[in-house]
file input.cif (mmCIF, C-alpha atoms and all ligand atoms)
data_input
#
loop_
_atom_site.label_atom_id
_atom_site.label_comp_id
_atom_site.auth_asym_id
_atom_site.auth_seq_id
_atom_site.Cartn_x
_atom_site.Cartn_y
_atom_site.Cartn_z
CA MET H 1 -3.15 -3.77 22.08
CA ASN H 2 0.37 -2.37 22.12
CA LEU H 3 2.07 -5.54 21.02
CA VAL H 4 2.27 -7.10 17.57
CA HIS H 5 3.64 -10.53 16.69
CA ILE H 6 5.63 -10.07 13.52
CA THR H 7 5.14 -13.03 11.20
CA ASP H 8 4.07 -11.47 7.92
CA ARG H 9 4.68 -8.40 5.81
CA SER H 10 1.26 -7.08 6.80
CA ASP H 11 2.21 -7.21 10.49
CA VAL H 12 4.76 -4.50 9.74
CA LEU H 13 1.86 -2.22 8.86
CA VAL H 14 0.04 -3.18 12.04
CA ALA H 15 3.20 -2.28 13.97
CA GLN H 16 3.14 1.16 12.32
CA GLN H 17 -0.42 1.70 13.48
CA VAL H 18 0.42 0.68 17.05
CA ALA H 19 3.32 3.13 17.14
CA LYS H 20 1.15 5.87 15.67
CA ARG H 21 -1.58 5.34 18.26
CA ILE H 22 0.78 5.45 21.23
CA ALA H 23 2.77 8.38 19.77
CA HIS H 24 -0.41 10.34 19.23
CA SER H 25 -1.70 9.59 22.73
CA VAL H 26 1.58 10.79 24.25
CA GLY H 27 1.33 14.10 22.38
CA PHE H 28 3.64 13.89 19.39
CA ASP H 29 2.64 16.09 16.45
CA ARG H 30 1.56 14.72 13.12
CA SER H 31 4.98 14.63 11.50
CA ALA H 32 6.59 13.10 14.56
CA CYS H 33 3.91 10.41 14.58
CA ALA H 34 4.72 9.61 10.97
CA GLU H 35 8.43 9.49 11.79
CA LEU H 36 7.75 7.10 14.65
CA MET H 37 5.79 4.95 12.23
CA ILE H 38 8.96 4.70 10.17
CA VAL H 39 10.88 3.67 13.29
CA ALA H 40 8.36 0.94 14.12
CA SER H 41 8.28 -0.15 10.52
CA GLU H 42 12.05 -0.50 10.17
CA LEU H 43 12.35 -2.43 13.43
CA ALA H 44 9.45 -4.69 12.54
CA SER H 45 10.73 -5.42 9.06
CA ASN H 46 14.12 -6.31 10.51
CA ILE H 47 12.39 -8.87 12.74
CA LEU H 48 10.82 -10.27 9.61
CA LYS H 49 14.13 -10.34 7.75
CA TYR H 50 16.60 -11.37 10.42
CA GLY H 51 14.80 -12.16 13.64
CA GLN H 52 12.94 -15.30 12.57
CA ARG H 53 10.18 -14.55 15.04
CA GLY H 54 9.53 -11.72 17.40
CA VAL H 55 7.31 -9.00 18.69
CA LEU H 56 7.15 -5.25 18.44
CA ARG H 57 5.85 -3.21 21.34
CA ALA H 58 5.19 0.48 21.83
CA GLU H 59 4.73 2.10 25.22
CA PRO H 60 4.63 5.58 26.73
CA VAL H 61 7.58 6.66 28.87
CA ASP H 62 7.91 9.45 31.38
CA ASP H 63 11.48 10.44 32.15
CA ALA H 64 12.29 12.73 35.07
CA GLU H 65 14.52 14.88 32.88
CA ARG H 66 13.30 14.45 29.33
CA GLY H 67 9.58 14.30 30.03
CA VAL H 68 7.09 12.14 28.19
CA GLY H 69 7.85 10.12 25.14
CA ILE H 70 7.53 6.77 23.50
CA ARG H 71 9.55 3.60 23.65
CA ILE H 72 9.45 1.21 20.73
CA VAL H 73 10.80 -2.21 21.54
CA ALA H 74 11.57 -4.92 19.01
CA GLU H 75 12.35 -8.31 20.52
CA ASP H 76 13.32 -11.27 18.43
CA GLU H 77 14.79 -14.73 18.74
CA GLY H 78 17.15 -14.47 15.81
CA PRO H 79 20.96 -14.54 15.91
CA PRO H 80 22.75 -11.67 17.67
CA PHE H 81 24.17 -8.65 15.87
CA LYS H 82 27.80 -9.22 15.00
CA SER H 83 28.29 -5.51 15.61
CA PHE H 84 25.33 -3.30 16.43
CA GLU H 85 27.41 -0.14 15.97
CA THR H 86 28.29 -1.18 12.44
CA ALA H 87 24.70 -2.11 11.61
CA LEU H 88 23.60 1.44 12.45
CA ARG H 89 25.56 2.92 9.56
CA ASP H 90 23.84 3.55 6.25
CA GLY H 91 24.89 1.04 3.65
CA PHE H 92 26.35 -1.31 6.24
CA ASP H 93 25.11 -4.65 7.50
CA ASP H 94 26.25 -5.87 10.91
CA GLU H 95 29.69 -6.78 9.58
CA GLY H 96 30.68 -4.02 7.18
CA PRO H 97 29.78 -2.19 4.00
CA VAL H 98 27.28 -3.90 1.72
CA GLN H 99 28.43 -4.31 -1.86
CA ALA H 100 26.39 -2.27 -4.31
CA THR H 101 25.71 -5.36 -6.41
CA ALA H 102 24.07 -7.02 -3.43
CA PHE H 103 21.33 -4.42 -3.08
CA VAL H 104 19.15 -6.07 -5.67
CA THR H 105 19.18 -9.50 -4.11
CA ARG H 106 19.05 -8.49 -0.47
CA ARG H 107 16.00 -6.29 -0.85
CA GLY H 108 17.05 -3.25 1.03
CA THR H 109 19.64 -0.53 1.10
CA ALA H 110 20.91 -1.29 4.60
CA SER H 111 19.73 2.08 5.83
CA GLY H 112 16.85 0.96 8.04
CA LEU H 113 18.67 1.21 11.35
CA GLY H 114 20.30 4.44 10.17
CA ALA H 115 16.82 5.89 9.79
CA VAL H 116 15.80 4.53 13.19
CA SER H 117 18.73 6.25 14.88
CA ARG H 118 18.09 9.52 13.02
CA LEU H 119 14.43 9.45 14.02
CA SER H 120 14.84 8.58 17.68
CA ASP H 121 16.64 10.13 20.65
CA GLU H 122 18.09 6.91 22.05
CA LEU H 123 18.74 3.60 20.39
CA ARG H 124 20.02 0.61 22.29
CA MET H 125 20.41 -3.10 21.84
CA LEU H 126 20.04 -5.47 24.76
CA PRO H 127 20.89 -9.16 24.63
CA LEU H 128 18.10 -11.34 25.99
CA GLU H 129 18.16 -14.87 27.30
CA LYS H 130 16.87 -15.94 23.93
CA GLY H 131 17.62 -13.39 21.21
CA LYS H 132 17.82 -9.66 21.75
CA ALA H 133 15.83 -6.44 21.99
CA VAL H 134 16.33 -3.26 20.01
CA VAL H 135 14.91 -0.31 21.93
CA ALA H 136 14.26 3.11 20.40
CA THR H 137 13.13 5.96 22.61
CA ARG H 138 12.01 9.42 21.62
CA TYR H 139 10.75 12.30 23.71
CA VAL H 140 8.09 14.80 22.78
CA THR H 141 10.31 17.75 23.66
CA PRO H 142 12.40 18.27 20.56
CA ALA H 143 16.01 17.24 20.80
CA GLY H 144 16.77 20.31 18.72
CA ARG H 145 17.67 18.73 15.44
CA ARG H 146 15.99 18.07 12.21
CA ARG H 147 15.21 14.41 11.76
CA SER H 148 13.64 13.94 8.39
CA ILE H 149 12.07 15.63 5.43
CA ARG H 150 8.65 16.81 6.49
CA SER H 151 5.97 17.94 4.16
CA MET L 1 -38.43 -67.86 34.82
CA GLU L 2 -37.85 -69.67 31.52
CA PRO L 3 -36.44 -67.50 28.74
CA SER L 4 -39.04 -67.01 26.01
CA ASP L 5 -38.40 -67.89 22.36
CA GLU L 6 -37.52 -64.29 21.23
CA SER L 7 -35.46 -63.54 24.26
CA PRO L 8 -31.85 -64.52 23.52
CA SER L 9 -30.18 -66.99 25.77
CA ASP L 10 -27.00 -66.39 27.71
CA SER L 11 -25.36 -69.16 25.77
CA ALA L 12 -21.67 -68.65 25.08
CA GLU L 13 -22.47 -68.67 21.37
CA GLU L 14 -24.92 -65.83 21.74
CA VAL L 15 -22.51 -63.79 23.88
CA TYR L 16 -19.60 -64.32 21.48
CA GLY L 17 -21.86 -63.28 18.64
CA ARG L 18 -22.61 -59.93 20.34
CA ILE L 19 -18.97 -59.37 21.15
CA ALA L 20 -18.07 -60.02 17.51
CA ASP L 21 -20.75 -57.45 16.51
CA ILE L 22 -19.23 -54.96 18.93
CA LEU L 23 -15.73 -55.52 17.58
CA VAL L 24 -16.92 -55.03 14.01
CA ALA L 25 -18.73 -51.84 14.97
CA LEU L 26 -15.68 -50.48 16.79
CA ALA L 27 -13.52 -51.26 13.77
CA ASP L 28 -15.93 -49.23 11.61
CA VAL L 29 -15.75 -46.34 14.07
CA GLY L 30 -11.99 -46.63 14.02
CA SER L 31 -12.00 -46.15 10.29
CA GLY L 32 -14.19 -43.05 10.55
CA ASP L 33 -17.70 -44.38 10.09
CA TYR L 34 -19.82 -43.03 12.93
CA SER L 35 -23.13 -44.18 11.50
CA VAL L 36 -22.84 -47.78 12.69
CA ARG L 37 -25.02 -48.98 15.56
CA ILE L 38 -24.92 -52.35 17.24
CA GLU L 39 -28.19 -54.22 17.09
CA SER L 40 -28.57 -55.93 20.37
CA THR L 41 -31.11 -58.62 20.92
CA PHE L 42 -30.56 -58.35 24.64
CA PRO L 43 -32.74 -56.01 26.70
CA GLU L 44 -30.97 -53.06 28.31
CA SER L 45 -31.47 -54.68 31.67
CA HIS L 46 -29.07 -57.39 30.56
CA PRO L 47 -25.38 -56.55 30.97
CA LEU L 48 -24.67 -57.20 27.27
CA GLY L 49 -27.68 -55.13 26.25
CA ALA L 50 -26.52 -52.30 28.47
CA LEU L 51 -23.00 -52.56 27.04
CA CYS L 52 -24.32 -52.37 23.49
CA ALA L 53 -26.55 -49.39 24.32
CA GLY L 54 -23.62 -47.68 26.02
CA ILE L 55 -21.36 -48.24 23.04
CA ASN L 56 -24.05 -46.97 20.65
CA GLU L 57 -24.35 -43.83 22.73
CA MET L 58 -20.60 -43.38 22.73
CA ILE L 59 -20.43 -43.78 18.95
CA ALA L 60 -23.22 -41.24 18.54
CA SER L 61 -21.52 -38.64 20.69
CA LEU L 62 -18.17 -39.31 19.02
CA GLY L 63 -19.93 -38.69 15.70
CA ASP L 64 -21.35 -35.40 16.96
CA GLU L 65 -18.00 -34.35 18.29
CA GLN L 66 -16.37 -35.25 15.00
CA GLU L 67 -18.93 -33.21 13.09
CA ARG L 68 -18.44 -30.21 15.35
CA GLY L 69 -14.68 -30.49 15.03
CA GLU L 70 -14.99 -30.68 11.26
CA LYS L 71 -17.19 -27.59 11.17
CA TYR L 72 -14.80 -25.74 13.42
CA ARG L 73 -11.84 -26.75 11.26
CA LYS L 74 -13.65 -25.53 8.13
CA GLU L 75 -14.45 -22.20 9.76
CA LEU L 76 -10.87 -21.83 10.85
CA GLU L 77 -9.61 -22.61 7.36
CA GLU L 78 -11.98 -20.07 5.88
CA LYS L 79 -10.80 -17.45 8.36
CA LEU L 80 -7.18 -18.19 7.58
CA ALA L 81 -7.93 -17.91 3.87
CA THR L 82 -9.58 -14.53 4.51
CA ILE L 83 -6.56 -13.33 6.46
CA GLU L 84 -4.30 -14.47 3.63
CA ARG L 85 -6.43 -12.59 1.10
CA GLN L 86 -6.36 -9.48 3.25
CA ARG L 87 -2.61 -9.73 3.61
CA GLU L 88 -2.33 -10.05 -0.14
CA ALA L 89 -4.48 -6.94 -0.55
CA ILE L 90 -2.34 -5.02 1.91
CA ARG L 91 0.82 -6.03 0.07
CA GLU L 92 -0.66 -4.91 -3.22
CA LEU L 93 -1.90 -1.62 -1.82
CA SER L 94 1.62 -0.68 -0.83
CA THR L 95 2.65 -0.45 -4.51
CA PRO L 96 -0.35 0.70 -6.55
CA ILE L 97 0.99 0.89 -10.08
CA MET L 98 -1.61 2.07 -12.60
CA GLU L 99 -1.52 2.43 -16.33
CA VAL L 100 -3.13 5.88 -16.49
CA TRP L 101 -2.67 6.26 -20.22
CA ASP L 102 -1.47 4.07 -23.02
CA LYS L 103 1.99 2.86 -21.93
CA ILE L 104 2.16 5.46 -19.20
CA LEU L 105 2.42 4.11 -15.67
CA CYS L 106 1.75 6.05 -12.53
CA LEU L 107 2.94 5.20 -9.06
CA PRO L 108 1.27 7.48 -6.52
CA ILE L 109 3.05 7.12 -3.23
CA VAL L 110 1.02 7.73 -0.13
CA GLY L 111 1.76 7.34 3.53
CA VAL L 112 4.77 6.00 5.32
CA ILE L 113 7.84 5.12 3.31
CA ASP L 114 10.41 2.90 4.90
CA SER L 115 13.30 0.97 3.43
CA LEU L 116 11.29 -2.22 2.94
CA ARG L 117 8.57 -0.42 1.07
CA SER L 118 10.95 1.54 -1.11
CA ALA L 119 12.73 -1.68 -2.03
CA GLU L 120 9.42 -3.34 -2.88
CA MET L 121 8.34 -0.36 -4.94
CA THR L 122 11.50 -0.35 -6.96
CA GLU L 123 11.17 -4.03 -7.67
CA ALA L 124 7.48 -3.84 -8.59
CA LEU L 125 7.93 -0.73 -10.71
CA LEU L 126 10.85 -2.06 -12.73
CA ARG L 127 8.96 -5.28 -13.34
CA ALA L 128 5.88 -3.35 -14.45
CA VAL L 129 7.91 -1.19 -16.82
CA VAL L 130 9.26 -4.26 -18.55
CA SER L 131 6.01 -6.23 -18.65
CA SER L 132 3.88 -3.35 -19.88
CA GLY L 133 6.47 -1.95 -22.27
CA ALA L 134 5.87 1.43 -20.69
CA ARG L 135 7.27 4.49 -22.40
CA ALA L 136 6.94 6.65 -19.33
CA VAL L 137 6.50 6.44 -15.59
CA ILE L 138 5.22 9.14 -13.29
CA ILE L 139 6.19 8.78 -9.67
CA ASP L 140 4.07 11.10 -7.61
CA ILE L 141 5.29 11.77 -4.09
CA THR L 142 2.75 14.42 -3.08
CA GLY L 143 1.19 12.00 -0.61
CA ILE L 144 4.29 11.35 1.40
CA GLU L 145 4.04 12.72 4.87
CA VAL L 146 7.61 12.32 6.01
CA MET L 147 10.55 10.34 4.84
CA ASP L 148 13.99 9.59 6.04
CA THR L 149 16.68 11.53 4.21
CA ARG L 150 18.01 8.32 2.66
CA THR L 151 14.65 7.68 1.05
CA ALA L 152 14.90 10.83 -1.07
CA ASP L 153 18.07 9.42 -2.50
CA HIS L 154 16.29 6.15 -3.12
CA PHE L 155 13.58 7.78 -5.22
CA VAL L 156 16.09 9.44 -7.46
CA ARG L 157 17.87 6.12 -7.94
CA MET L 158 14.58 4.45 -8.73
CA ALA L 159 13.89 7.09 -11.38
CA LYS L 160 17.31 6.51 -12.91
CA ALA L 161 16.80 2.76 -13.00
CA VAL L 162 13.54 3.27 -14.88
CA GLY L 163 15.47 5.44 -17.33
CA LEU L 164 17.96 2.64 -17.90
CA LEU L 165 15.09 0.40 -18.95
CA GLY L 166 14.28 2.83 -21.72
CA ALA L 167 11.27 4.55 -20.21
CA GLU L 168 11.12 8.19 -19.33
CA CYS L 169 10.66 8.73 -15.62
CA VAL L 170 9.17 11.81 -14.08
CA LEU L 171 9.07 12.71 -10.41
CA THR L 172 6.17 14.89 -9.36
CA GLY L 173 4.99 16.48 -6.15
CA ILE L 174 8.42 17.28 -4.75
CA ASN L 175 7.81 19.67 -1.89
CA PRO L 176 10.24 22.40 -0.79
CA GLN L 177 11.69 20.33 2.05
CA ILE L 178 12.46 17.40 -0.18
CA ALA L 179 13.93 19.75 -2.77
CA GLN L 180 16.22 21.24 -0.13
CA THR L 181 17.33 17.83 1.04
CA ILE L 182 18.12 16.75 -2.49
CA VAL L 183 20.35 19.78 -2.87
CA HIS L 184 21.91 19.47 0.60
CA MET L 185 22.69 15.81 0.18
CA GLY L 186 24.21 16.54 -3.18
CA ILE L 187 22.01 14.00 -4.90
CA ASP L 188 22.71 13.97 -8.61
CA MET L 189 19.44 14.65 -10.40
CA ALA L 190 20.92 14.54 -13.89
CA GLY L 191 18.57 12.72 -16.21
CA VAL L 192 15.64 12.85 -13.81
CA ARG L 193 12.83 15.02 -15.07
CA THR L 194 10.48 16.62 -12.58
CA HIS L 195 7.10 18.27 -12.85
CA ARG L 196 5.34 20.30 -10.25
CA SER L 197 2.25 18.14 -10.18
CA LEU L 198 0.92 14.87 -11.45
CA ARG L 199 -1.43 16.89 -13.61
CA ASP L 200 1.41 18.75 -15.30
CA ALA L 201 3.24 15.50 -15.96
CA LEU L 202 0.17 13.86 -17.45
CA TYR L 203 -0.40 16.86 -19.66
CA HIS L 204 3.17 16.63 -20.86
CA PHE L 205 2.68 13.04 -21.97
CA VAL L 206 -0.85 12.98 -23.31
CA ARG L 207 -1.33 16.33 -24.99
CA PRO L 208 -1.83 15.87 -28.71
CA LYS L 209 1.47 16.11 -30.51
CA ARG L 210 1.63 18.66 -33.27
CA THR L 211 1.74 16.97 -36.60
CA ARG L 212 4.67 17.32 -38.94
CA LEU L 213 2.60 19.41 -41.26
CA GLN L 214 1.53 21.78 -38.50
CA ARG L 215 5.12 22.17 -37.51
CA LEU L 216 6.18 22.94 -41.05
CA GLU L 217 3.38 25.41 -41.39
CA GLY L 218 4.03 26.92 -37.96
N1 LIG E 301 16.70 -8.09 14.18
C1 LIG E 301 17.91 -8.30 13.67
N2 LIG E 301 18.60 -9.43 13.97
C2 LIG E 301 19.83 -9.65 13.48
N3 LIG E 301 20.47 -8.82 12.66
C3 LIG E 301 19.86 -7.68 12.33
C4 LIG E 301 18.54 -7.36 12.80
N4 LIG E 301 18.19 -6.16 12.30
C5 LIG E 301 19.22 -5.74 11.54
N5 LIG E 301 20.22 -6.65 11.54
C6 LIG E 301 21.51 -6.52 10.87
O1 LIG E 301 21.81 -5.14 10.77
C7 LIG E 301 21.99 -4.77 9.43
C8 LIG E 301 21.48 -3.38 9.18
O2 LIG E 301 20.06 -3.33 9.32
P1 LIG E 301 19.24 -2.26 8.50
O3 LIG E 301 17.83 -2.34 8.90
O4 LIG E 301 19.94 -0.95 8.66
O5 LIG E 301 19.47 -2.72 7.01
P2 LIG E 301 18.72 -3.84 6.17
O6 LIG E 301 17.55 -4.37 6.93
O7 LIG E 301 19.74 -4.84 5.75
O8 LIG E 301 18.22 -3.04 4.90
P3 LIG E 301 17.01 -2.00 4.89
O9 LIG E 301 16.53 -1.83 6.29
O10 LIG E 301 17.55 -0.76 4.31
O11 LIG E 301 15.98 -2.63 4.03
C9 LIG E 301 21.30 -5.83 8.61
O12 LIG E 301 21.87 -5.95 7.34
C10 LIG E 301 21.53 -7.07 9.46
O13 LIG E 301 22.82 -7.59 9.20
MG MG E 302 16.10 -3.10 7.80
#

call {"tool": "encode", "arguments": {"input": "input.cif", "output": "structure tokens"}}
result
Amino acid sequence: MNLVHITDRSDVLVAQQVAKRIAHSVGFDRSACAELMIVASELASNILKYGQRGVLRAEPVDDAERGVGIRIVAEDEGPPFKSFETALRDGFDDEGPVQATAFVTRRGTASGLGAVSRLSDELRMLPLEKGKAVVATRYVTPAGRRRSIRS
Amino acid sequence: MEPSDESPSDSAEEVYGRIADILVALADVGSGDYSVRIESTFPESHPLGALCAGINEMIASLGDEQERGEKYRKELEEKLATIERQREAIRELSTPIMEVWDKILCLPIVGVIDSLRSAEMTEALLRAVVSSGARAVIIDITGIEVMDTRTADHFVRMAKAVGLLGAECVLTGINPQIAQTIVHMGIDMAGVRTHRSLRDALYHFVRPKRTRLQRLEG
């Protein structure tokens, strides 16, 4: 199954496994698979935190120009982003910078979507009839930049 | 044919009596007792007898159904409890904090680190430091496959927070890539001790201290 309903912390781990399986089947190397697990994980945990209820899906893509890759889709029924662009920045929520004192209570450093955009080639947000979808796409052919610390 | 002595008559009294029996039985069923059966003195060939037999059959099958439903509900509850336990286990596995030596905690980090997990780890670790009165913490990151650049920063902050609680914090297993990132990102490592391996760190903490006398003599 390539779809996970996100209702519990443990579902975030299931989402990671789904992303890993699809990424591996498409031909991503080991490190890239692990990076895509981070992508799935961040999107899934955002569903848990802000989306109320939703699903995470991973599917292979085959683009005429970019070749094969993976698309990770997070759909949820929660409120819309006030500003998606702002939310992508490290240390920012969807309105603006997060106060340092708030990091303890809000459980997170507001860098999840920053990581998602660093670790994928395309990142888009689409409003849905009910809620929205965040779609991250990455292609096997390297985009020519270093994405994360690899061991 | 004359009705015999045992055979009940169709008198209104007799009929009302049966109907009262039926109503009582149905009330019992309504309150959850499926063991009741109506004792009919009429043969099944008689409409009232047939009605009573039919109702008895209905009560019996309702009882069976109820029992099956109950069993199913129990199974379901057990399964849900199992899932809850497994979820609990998964949550715990994501922050395995061990006391590897007296007042020395170790947090070996394995697998995928995302922002949620690093937040959870910080919270769990700081709580463990306080509750165990730890004097030192070893955070071993050998088992991390990849991490986002921001996460490196997070680990250093976690180490500093442990330091603020009065415990010494050591980072071990930093690989060359992570080391480079730390330098490139300009992360301030002041006050964060590192060791090459978990083994080195453990040795640092648990090796027998030289006694005062030995030191004076040496
Ligand atoms: N699914 C979502 N629905 C609504 N708002 C969201 C959703 N995901 C993220 N956001 C908003 O975008 C902001 C940035 O998200 P991001 O994942 O980068 O940070 P975070 O979840 O707050 O913290 P972290 O991911 O570091 O634990 C969030 O603070 C929140 O305001
Ligand atoms: Mg997040």

call {"tool": "atom_distance", "arguments": {"input": "input.cif", "atom1": "CA of Leu13 (chain H)", "atom2": "CA of Val110 (chain L)"}}
result
13.4 Å

call {"tool": "atom_distance", "arguments": {"input": "input.cif", "atom1": "CA of Leu128 (chain H)", "atom2": "atom N2 of ligand LIG 301 (chain E)"}}
result
12.2 Å

call {"tool": "closest_residue", "arguments": {"input": "input.cif", "among": "L:Asp114, L:Asp33, L:Asp10, L:Asp28", "to": "ligand MG 302 (chain E)", "atoms": "all atoms listed in the file"}}
result
L:Asp114

call {"tool": "atom_distance", "arguments": {"input": "input.cif", "atom1": "atom O13 of ligand LIG 301 (chain E)", "atom2": "CA of Gly78 (chain H)"}}
result
11.1 Å

call {"tool": "closest_residue", "arguments": {"input": "input.cif", "among": "H:Val135, H:Ala110, H:Ala40, H:Ala34", "to": "Glu95 (chain H)", "atoms": "only C-alpha atoms"}}
result
H:Ala110

call {"tool": "closest_residue", "arguments": {"input": "input.cif", "among": "L:Leu23, L:Ser9, L:Ile113, L:Phe205", "to": "Pro43 (chain L)", "atoms": "only C-alpha atoms"}}
result
L:Ser9

call {"tool": "closest_atom_pairs", "arguments": {"input": "input.cif", "of": "chain L", "to": "ligand LIG 301 (chain E)", "cutoff": "9 Å", "atoms": "only C-alpha atoms and all ligand atoms", "output": "JSON lines"}}
result
{"residue": "L:Asp114", "atom": "CA", "partner": "E:LIG301", "partner_atom": "O9", "distance": 7.9}
{"residue": "L:Ser115", "atom": "CA", "partner": "E:LIG301", "partner_atom": "O11", "distance": 4.5}
{"residue": "L:Leu116", "atom": "CA", "partner": "E:LIG301", "partner_atom": "O11", "distance": 4.8}
{"residue": "L:Arg117", "atom": "CA", "partner": "E:LIG301", "partner_atom": "O11", "distance": 8.3}
{"residue": "L:Ser118", "atom": "CA", "partner": "E:LIG301", "partner_atom": "O11", "distance": 8.3}
{"residue": "L:Ala119", "atom": "CA", "partner": "E:LIG301", "partner_atom": "O11", "distance": 6.9}

call {"tool": "interface_residues", "arguments": {"input": "input.cif", "of": "chain L", "to": "chain H", "cutoff": "7 Å", "atoms": "all atoms listed in the file", "output": "PyMOL selection string"}}
result
chain L and resi 87+90-91+112-116+119+145-149+175+177-178

call {"tool": "residues_near_point", "arguments": {"input": "input.cif", "point": "(7.8, 12.6, 32.1)", "cutoff": "12 Å", "atoms": "only C-alpha atoms", "output": "list in words"}}
result
Val26, Gly27, Pro60, Val61, Asp62, Asp63, Ala64, Glu65, Arg66, Gly67, Val68, Gly69, Ile70, Arg138, Tyr139, Val140 and Thr141 of chain H

call {"tool": "write_last_selection", "arguments": {"input": "input.cif", "atoms": "C-alpha atoms", "output": "PDB file, keeping the file's coordinate frame"}}
result
ATOM      1  CA  VAL H  26       1.580  10.790  24.250  1.00  0.00           C
ATOM      2  CA  GLY H  27       1.330  14.100  22.380  1.00  0.00           C
ATOM      3  CA  PRO H  60       4.630   5.580  26.730  1.00  0.00           C
ATOM      4  CA  VAL H  61       7.580   6.660  28.870  1.00  0.00           C
ATOM      5  CA  ASP H  62       7.910   9.450  31.380  1.00  0.00           C
ATOM      6  CA  ASP H  63      11.480  10.440  32.150  1.00  0.00           C
ATOM      7  CA  ALA H  64      12.290  12.730  35.070  1.00  0.00           C
ATOM      8  CA  GLU H  65      14.520  14.880  32.880  1.00  0.00           C
ATOM      9  CA  ARG H  66      13.300  14.450  29.330  1.00  0.00           C
ATOM     10  CA  GLY H  67       9.580  14.300  30.030  1.00  0.00           C
ATOM     11  CA  VAL H  68       7.090  12.140  28.190  1.00  0.00           C
ATOM     12  CA  GLY H  69       7.850  10.120  25.140  1.00  0.00           C
ATOM     13  CA  ILE H  70       7.530   6.770  23.500  1.00  0.00           C
ATOM     14  CA  ARG H 138      12.010   9.420  21.620  1.00  0.00           C
ATOM     15  CA  TYR H 139      10.750  12.300  23.710  1.00  0.00           C
ATOM     16  CA  VAL H 140       8.090  14.800  22.780  1.00  0.00           C
ATOM     17  CA  THR H 141      10.310  17.750  23.660  1.00  0.00           C
TER      18      THR H 141
END

call {"tool": "closest_residue", "arguments": {"input": "input.cif", "among": "H:Pro80, H:Gly131, H:Gly96, H:Gly91", "to": "ligand MG 302 (chain E)", "atoms": "only C-alpha atoms and all ligand atoms"}}
result
H:Gly91

call {"tool": "build_atoms", "arguments": {"input": "input.cif", "residues": "region 19-23 of chain H", "atoms": "all heavy atoms", "output": "short mmCIF file (atom, residue, chain, number, x, y, z; two decimals), keeping the file's coordinate frame"}}
result
data_model
loop_
_atom_site.label_atom_id
_atom_site.label_comp_id
_atom_site.auth_asym_id
_atom_site.auth_seq_id
_atom_site.Cartn_x
_atom_site.Cartn_y
_atom_site.Cartn_z
N ALA H 19 2.42 2.04 16.78
CA ALA H 19 3.32 3.13 17.14
C ALA H 19 2.62 4.48 16.99
O ALA H 19 2.74 5.36 17.84
CB ALA H 19 4.57 3.10 16.25
N LYS H 20 1.85 4.61 15.92
CA LYS H 20 1.15 5.87 15.67
C LYS H 20 0.17 6.17 16.81
O LYS H 20 0.10 7.30 17.30
CB LYS H 20 0.39 5.75 14.36
CG LYS H 20 -0.36 7.00 13.96
CD LYS H 20 -1.14 6.71 12.70
CE LYS H 20 -1.98 7.87 12.23
NZ LYS H 20 -2.72 7.49 11.02
N ARG H 21 -0.57 5.14 17.21
CA ARG H 21 -1.58 5.34 18.26
C ARG H 21 -0.94 5.80 19.57
O ARG H 21 -1.37 6.77 20.18
CB ARG H 21 -2.37 4.05 18.46
CG ARG H 21 -3.53 4.17 19.40
CD ARG H 21 -4.56 3.06 19.21
NE ARG H 21 -3.94 1.76 19.01
CZ ARG H 21 -3.43 1.02 19.98
NH1 ARG H 21 -3.45 1.45 21.22
NH2 ARG H 21 -2.88 -0.16 19.70
N ILE H 22 0.12 5.10 19.97
CA ILE H 22 0.78 5.45 21.23
C ILE H 22 1.42 6.85 21.09
O ILE H 22 1.28 7.69 21.97
CB ILE H 22 1.86 4.41 21.60
CG1 ILE H 22 1.24 3.02 21.72
CG2 ILE H 22 2.56 4.80 22.90
CD1 ILE H 22 0.26 2.86 22.84
N ALA H 23 2.09 7.09 19.98
CA ALA H 23 2.77 8.38 19.77
C ALA H 23 1.75 9.52 19.86
O ALA H 23 1.98 10.53 20.52
CB ALA H 23 3.47 8.40 18.42
#
